[in-house]
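Source file: input.pdb. Holds: PDB, C-alpha atoms, pLDDT in the B column.
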```pdb
ATOM      1  CA  PHE A   4      94.527 101.457  95.050  1.00 74.00           C
ATOM      2  CA  ASN A   5      95.950 104.003  97.403  1.00 75.00           C
ATOM      3  CA  GLY A   6      96.220 102.653 100.935  1.00 72.00           C
ATOM      4  CA  ASP A   7      93.986 102.288 103.986  1.00 73.00           C
ATOM      5  CA  PHE A   8      92.477  98.943 102.955  1.00 78.00           C
ATOM      6  CA  VAL A   9      91.939  97.500 106.430  1.00 76.00           C
ATOM      7  CA  ASP A  10      89.443  99.980 107.854  1.00 74.00           C
ATOM      8  CA  ARG A  11      86.591  99.368 105.425  1.00 67.00           C
ATOM      9  CA  GLY A  12      83.792  98.134 107.660  1.00 75.00           C
ATOM     10  CA  PRO A  13      82.820  94.672 108.868  1.00 80.00           C
ATOM     11  CA  GLN A  14      84.309  92.925 105.814  1.00 84.00           C
ATOM     12  CA  GLN A  15      87.725  94.544 105.967  1.00 85.00           C
ATOM     13  CA  CYS A  16      89.460  91.140 105.773  1.00 85.00           C
ATOM     14  CA  GLU A  17      87.581  90.281 102.601  1.00 88.00           C
ATOM     15  CA  VAL A  18      88.357  93.675 101.039  1.00 85.00           C
ATOM     16  CA  TYR A  19      92.063  93.209 101.755  1.00 85.00           C
ATOM     17  CA  PHE A  20      92.131  89.606 100.500  1.00 88.00           C
ATOM     18  CA  ILE A  21      90.290  90.522  97.277  1.00 87.00           C
ATOM     19  CA  LEU A  22      92.828  93.278  96.618  1.00 85.00           C
ATOM     20  CA  LEU A  23      95.695  90.843  97.223  1.00 85.00           C
ATOM     21  CA  TYR A  24      94.034  88.335  94.883  1.00 88.00           C
ATOM     22  CA  ALA A  25      93.742  91.020  92.188  1.00 84.00           C
ATOM     23  CA  LEU A  26      97.394  91.914  92.735  1.00 82.00           C
ATOM     24  CA  VAL A  27      98.390  88.291  92.112  1.00 84.00           C
ATOM     25  CA  LEU A  28      96.188  88.051  88.997  1.00 83.00           C
ATOM     26  CA  TYR A  29      96.869  91.442  87.405  1.00 82.00           C
ATOM     27  CA  GLY A  30     100.113  92.645  88.983  1.00 73.00           C
ATOM     28  CA  LYS A  31     102.322  91.877  85.979  1.00 70.00           C
ATOM     29  CA  GLY A  32     102.148  92.713  82.315  1.00 66.00           C
ATOM     30  CA  SER A  33     100.363  95.492  80.498  1.00 62.00           C
ATOM     31  CA  ASN A  34      97.272  95.324  82.744  1.00 70.00           C
ATOM     32  CA  SER A  35      99.134  96.330  85.893  1.00 77.00           C
ATOM     33  CA  PHE A  36      97.522  96.530  89.317  1.00 78.00           C
ATOM     34  CA  PHE A  37      99.156  98.617  92.039  1.00 79.00           C
ATOM     35  CA  MET A  38      98.550  98.715  95.773  1.00 80.00           C
ATOM     36  CA  ASN A  39     100.074 101.563  97.759  1.00 79.00           C
ATOM     37  CA  ARG A  40     100.187 100.820 101.497  1.00 77.00           C
ATOM     38  CA  GLY A  41      98.646 103.480 103.705  1.00 73.00           C
ATOM     39  CA  ASN A  42      99.127 104.265 107.379  1.00 71.00           C
ATOM     40  CA  HIS A  43      96.206 101.970 108.356  1.00 70.00           C
ATOM     41  CA  GLU A  44      98.175  98.925 107.179  1.00 76.00           C
ATOM     42  CA  ASP A  45     100.613  99.592 110.010  1.00 77.00           C
ATOM     43  CA  TYR A  46     100.297  97.014 112.818  1.00 81.00           C
ATOM     44  CA  GLY A  47      99.190  99.570 115.417  1.00 83.00           C
ATOM     45  CA  CYS A  48      96.500 101.042 113.181  1.00 81.00           C
ATOM     46  CA  SER A  49      95.255  97.622 112.126  1.00 81.00           C
ATOM     47  CA  VAL A  50      94.761  96.777 115.802  1.00 83.00           C
ATOM     48  CA  ARG A  51      93.065 100.119 116.523  1.00 84.00           C
ATOM     49  CA  PHE A  52      90.643  99.849 113.590  1.00 83.00           C
ATOM     50  CA  GLY A  53      89.628  96.260 114.346  1.00 85.00           C
ATOM     51  CA  PHE A  54      91.431  94.395 111.556  1.00 87.00           C
ATOM     52  CA  LYS A  55      93.309  92.155 113.997  1.00 88.00           C
ATOM     53  CA  GLU A  56      90.143  91.423 115.978  1.00 90.00           C
ATOM     54  CA  GLU A  57      88.306  90.483 112.790  1.00 89.00           C
ATOM     55  CA  ILE A  58      91.136  88.159 111.724  1.00 90.00           C
ATOM     56  CA  MET A  59      91.129  86.540 115.189  1.00 92.00           C
ATOM     57  CA  SER A  60      87.373  85.947 115.148  1.00 93.00           C
ATOM     58  CA  LYS A  61      87.065  84.713 111.552  1.00 91.00           C
ATOM     59  CA  TYR A  62      90.248  82.661 111.218  1.00 91.00           C
ATOM     60  CA  CYS A  63      90.830  81.386 114.756  1.00 90.00           C
ATOM     61  CA  LEU A  64      93.218  78.544 114.031  1.00 92.00           C
ATOM     62  CA  TYR A  65      95.387  80.464 111.555  1.00 93.00           C
ATOM     63  CA  SER A  66      94.870  83.995 112.874  1.00 91.00           C
ATOM     64  CA  LYS A  67      98.453  84.545 114.096  1.00 91.00           C
ATOM     65  CA  LEU A  68      99.920  83.329 110.816  1.00 93.00           C
ATOM     66  CA  ILE A  69      97.518  85.469 108.761  1.00 89.00           C
ATOM     67  CA  MET A  70      98.281  88.583 110.835  1.00 87.00           C
ATOM     68  CA  LYS A  71     101.994  87.969 110.428  1.00 87.00           C
ATOM     69  CA  LYS A  72     101.637  87.615 106.651  1.00 85.00           C
ATOM     70  CA  CYS A  73      99.364  90.647 106.337  1.00 80.00           C
TER      71      CYS A  73
END
```
Take the structure in the file and give it back as structure tokens.
Amino acid sequence: FNGDFVDRGPQQCEVYFILLYALVLYGKGSNSFFMNRGNHEDYGCSVRFGFKEEIMSKYCLYSKLIMKKC
């Protein structure tokens, strides 16, 4: 997957988390899974494209921690 994961519509959190899940499952061995960060994964772009707002609204209690980890 080649970057710009966090600007994919109203389920951008879910898209990003599914890709991270796939990375954990298939990231090693012969069935490799690669994620190449794009410019939209930058903090400023993630704010501009609504990723931060979506995290804040869906994961209120843990939103700051999730944003930091993302």
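With distances taken over all atoms listed in the file, A:Gly12 is the one residue among A:Gly6, A:Gly12, A:Cys73, A:Leu23 lying closest to Phe52 (chain A).
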Practice prompt. Select all residues near (100.8, 102.5, 100.2) (cut-off 12 Å, inclusive, file coordinates), counting all atoms listed in the file, and output them as an NGL selection string.
Written response: :A and (4-9 or 37-45)
Explicit residues for the PyMOL selection byres ((chain A and resi 61-72) around 12) (as a compact mmCIF listing (two decimals) with C-alpha atoms, keeping the file's coordinate frame):
```
# COMPACT_ATOMS: atom_id res chain seq x y z
CA VAL A 9 91.94 97.50 106.43
CA PRO A 13 82.82 94.67 108.87
CA GLN A 14 84.31 92.92 105.81
CA GLN A 15 87.72 94.54 105.97
CA CYS A 16 89.46 91.14 105.77
CA GLU A 17 87.58 90.28 102.60
CA TYR A 19 92.06 93.21 101.76
CA PHE A 20 92.13 89.61 100.50
CA LEU A 23 95.70 90.84 97.22
CA GLU A 44 98.18 98.92 107.18
CA ASP A 45 100.61 99.59 110.01
CA TYR A 46 100.30 97.01 112.82
CA GLY A 47 99.19 99.57 115.42
CA SER A 49 95.26 97.62 112.13
CA VAL A 50 94.76 96.78 115.80
CA PHE A 54 91.43 94.40 111.56
CA LYS A 55 93.31 92.16 114.00
CA GLU A 56 90.14 91.42 115.98
CA GLU A 57 88.31 90.48 112.79
CA ILE A 58 91.14 88.16 111.72
CA MET A 59 91.13 86.54 115.19
CA SER A 60 87.37 85.95 115.15
CA CYS A 73 99.36 90.65 106.34
```
